[in-house]
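**Student:** The structure's right below; bear with me while I get my questions together.
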Amino acid sequence: MIVFPAIDLKSGQVVRLAEGDMDRATIYGDDPAAQAVLFAEQGAQFLHVVDLDGSFAGDARNREAVEAILEAFPGHVQLGGGIRTAQAVSGWFELGVSRVVMGTAALKDPQFVKDMAREWEGGIVVAVDARDGMVATEGWAEVSDVPVIDLARRFEDAGVASLLFTDIGRDGMLKGCNVQATVDLATQSSLPVIASGGVAGLDDIRILALNAHLGIEGVITGRALYDGRLDLAAAIAMAWRE
């Protein structure tokens with residue numbers, strides 16, 4: 001199972017939000033590239049980066065910071081946040097992003113996402129962000145009437161690499177990952193699932209890793225790392241061992 005340390009970007013700074021609320025942001029640093037290097041030194045081969053401003057605006061707002069991360073980090077970078085046009089998708093791949101995460105576009109223009117998944121085989125991740133079981137969009141500011149599993153199933157035969165499932169109510173809250181909901185999605189869909197939201201410590205990594213055979217590809221963790229509750233090297237070792 002892959003452990004993705006997260007770098008969330010707001011106004012060029014490294015932050016973490018509480019339950020996806022931009023007004024509840026904790027700043028953890030002003031050098032995203034240095035943070036990426038630190039994660040690499042701790043053993044990370046994969047990185048999850050989100051342009052939070054872009055999620056709300058619908059286009060890139062932290063391009064300079066993302067480019068600095070791409071230059072500094074030696075592994076694979078997965079990027080999300082406001083990527084909603086073919087030009088934006090191709091532009092990021094050309095700059096060296098390994099995978100592009102699409103959420104709002106997946107709900108509002110699923111055919112476009114399917115087209116991108118076929119053009120960039122293995123490069124598109126569909127973000128399935130849930131609040132009370134329903135899909136949220138526009139940087140989690142809007143909640144739809146579409147159940148999570150319904151959205152996931154729309155992309156099963158489209159060439160999508162993975163589903164990124166986030167329980168918004170737990171994101172940045174250190175409440176523990178919603179393992180059951182993640183497993184439910186993985187077993188009800190043919191696509192591998194990346195867990196996100198609420199990771200509080202090594203126990204979350206262990207439990208998810210024990211369920212990896214059910215289709216859990218990886219886990220994203222942010223605040224637990226920044227607050228010192230989770231050691232990245234230990235998390236990576238646990239994910240591989242289990």
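FYI, nothing fancy with the structure tokens labels: chains A, B, ... in order, residues from 1 per chain, ligands from 1 as they appear.
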As a ChimeraX atom specification, please: the residues near A:Lys175 (cut-off 12 Å, only C-alpha atoms, same-chain neighbours under 5 positions excluded).
**Tutor:** /A:18-19,167-170,196-201,203-204,223-224
**Student:** Can you tell me which residues surround A:Ile216 at a distance of at most 12 Å, considering only C-alpha atoms, apart from same-chain residues fewer than 2 positions away, and format the answer as a PyMOL selection string?
**Tutor:** chain A and resi 1-3+162-165+179-196+205+207-214+218-220+239
**Student:** Rounded to one decimal in Å, what is the spacing between atom CA of A:Ile149 and atom CA of A:Thr166?
**Tutor:**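 Interatomic distance, atom CA of A:Ile149 to atom CA of A:Thr166: 12.7 Å.
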**Student:** Quick one: distance from atom CA of A:Gly176 to atom CA of A:Ala234 in Å, one decimal?
**Tutor:**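 Atom-to-atom, atom CA of A:Gly176 to atom CA of A:Ala234, that is 17.2 Å.
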**Student:** I'd like the neighbourhood of A:Asp23 as a PDB file with C-alpha atoms, in the first residue's frame, where a residue qualifies if any of its atoms comes within 12 Å (using only C-alpha atoms), though same-chain residues fewer than 4 positions away should be ignored.
**Tutor:**
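The new file selection.pdb reads:
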```pdb
ATOM      1  CA  LYS A  10      -3.015  28.076  -0.097  1.00  0.00           C
ATOM      2  CA  VAL A  15      -1.539  24.423   5.068  1.00  0.00           C
ATOM      3  CA  ARG A  16      -4.088  21.939   6.361  1.00  0.00           C
ATOM      4  CA  LEU A  17      -7.803  22.663   6.472  1.00  0.00           C
ATOM      5  CA  ALA A  18     -10.312  21.405   9.016  1.00  0.00           C
ATOM      6  CA  GLU A  19     -13.219  19.650   7.272  1.00  0.00           C
ATOM      7  CA  ILE A  27      -0.213  27.167   8.191  1.00  0.00           C
ATOM      8  CA  LEU A  52      -6.673  24.558  -2.608  1.00  0.00           C
ATOM      9  CA  ASP A  53      -7.161  27.989  -4.132  1.00  0.00           C
ATOM     10  CA  ALA A 141     -18.219  23.980  -0.879  1.00  0.00           C
TER      11      ALA A 141
END
```
**Student:** Atom CA of A:Ala65 and atom CA of A:Val126 are how many Å apart?
**Tutor:**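 It comes out at 22.8 Å.
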**Student:** Check the smallest atom-to-atom distance from each of A:Gln111, A:Gln13, A:Ser98, A:Gln87 to A:Leu47 using only C-alpha atoms, then report the winner.
**Tutor:**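 Between A:Gln111, A:Gln13, A:Ser98, A:Gln87, the residue approaching A:Leu47 most closely is A:Ser98.
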**Student:** Can you pull out the residues contacting A:Val97? Cut-off 10 Å, using only C-alpha atoms, and skip same-chain residues under 3 positions away; I want them as a list in words.
**Tutor:** Val49, Val66, Glu67, Leu70, Gly75, His76, Val77, Gln78, Leu79, Val89, Ser90, Gly91, Trp92, Phe93, Glu94, Val100 and Gly123 of chain A
**Student:** Where in stretch 47-242 of chain A does DSSP assign alpha helix (DSSP H), given as a PyMOL selection string?
**Tutor:** chain A and resi 52-57+63-72+86-95+104-108+110-119+148-153+179-188+202-210+223-226+232-241
**Student:** Which residues are close to A:Leu225, i.e. within 12 Å by only C-alpha atoms, leaving aside same-chain residues fewer than 2 positions away? Reply as a VMD selection string.
**Tutor:** chain A and resid 3 to 7 16 28 35 38 to 39 42 172 174 198 to 202 220 to 223 227 to 235
**Student:** Dump C-alpha atoms for the selected residues as an mmCIF file, in the first residue's frame?
**Tutor:**
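In the end it all went to out03.cif:
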```cif
data_model
loop_
_atom_site.group_PDB
_atom_site.id
_atom_site.type_symbol
_atom_site.label_atom_id
_atom_site.label_comp_id
_atom_site.auth_asym_id
_atom_site.auth_seq_id
_atom_site.Cartn_x
_atom_site.Cartn_y
_atom_site.Cartn_z
ATOM 1 C CA VAL A 3 1.569 6.207 1.673
ATOM 2 C CA PHE A 4 1.074 9.642 0.123
ATOM 3 C CA PRO A 5 2.218 12.520 2.349
ATOM 4 C CA ALA A 6 0.097 15.549 1.478
ATOM 5 C CA ILE A 7 1.094 19.099 0.654
ATOM 6 C CA ARG A 16 -4.088 21.939 6.361
ATOM 7 C CA TYR A 28 2.675 24.698 8.464
ATOM 8 C CA GLN A 35 8.635 20.217 2.580
ATOM 9 C CA LEU A 38 11.835 16.527 3.684
ATOM 10 C CA PHE A 39 9.216 13.929 2.817
ATOM 11 C CA GLN A 42 11.924 10.266 5.105
ATOM 12 C CA GLY A 172 -7.847 17.487 9.052
ATOM 13 C CA LEU A 174 -7.444 13.527 13.376
ATOM 14 C CA GLY A 198 -8.794 11.745 9.326
ATOM 15 C CA VAL A 199 -5.608 9.664 9.582
ATOM 16 C CA ALA A 200 -4.566 10.081 13.201
ATOM 17 C CA GLY A 201 -1.633 7.729 13.616
ATOM 18 C CA LEU A 202 0.032 4.430 12.827
ATOM 19 C CA ILE A 220 -3.085 10.124 2.071
ATOM 20 C CA THR A 221 -1.966 11.702 5.308
ATOM 21 C CA GLY A 222 -1.255 15.309 6.160
ATOM 22 C CA ARG A 223 -2.006 16.828 9.522
ATOM 23 C CA ASP A 227 1.632 17.655 14.069
ATOM 24 C CA GLY A 228 4.157 14.909 14.784
ATOM 25 C CA ARG A 229 1.517 12.256 15.544
ATOM 26 C CA LEU A 230 2.690 10.030 12.701
ATOM 27 C CA ASP A 231 6.237 9.208 11.643
ATOM 28 C CA LEU A 232 6.353 8.989 7.854
ATOM 29 C CA ALA A 233 9.148 6.409 7.697
ATOM 30 C CA ALA A 234 7.290 4.191 10.165
ATOM 31 C CA ALA A 235 4.054 4.605 8.204
#
```
**Student:** At a cut-off of 9 Å, using only C-alpha atoms, what residues contact A:Pro74? Leave out same-chain residues fewer than 4 positions from it and give the result as a CSV table (one decimal) with C-alpha atoms, in the first residue's frame.
**Tutor:**
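Below is the file that was written, result.csv:
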```csv
chain,number,residue,atom,x,y,z
A,37,VAL,CA,12.4,17.3,0.0
A,40,ALA,CA,11.6,12.4,0.3
A,45,GLN,CA,8.3,8.0,-3.2
A,46,PHE,CA,4.9,9.4,-3.8
A,70,LEU,CA,8.1,19.0,-9.1
```
**Student:** To test your reading of the structure, identify every residue in stretch 86-117 of chain A that backbone DSSP assigns to strand (DSSP E or B), and report it as a list in words.
**Tutor:** Arg99, Val100, Val101 and Met102 of chain A
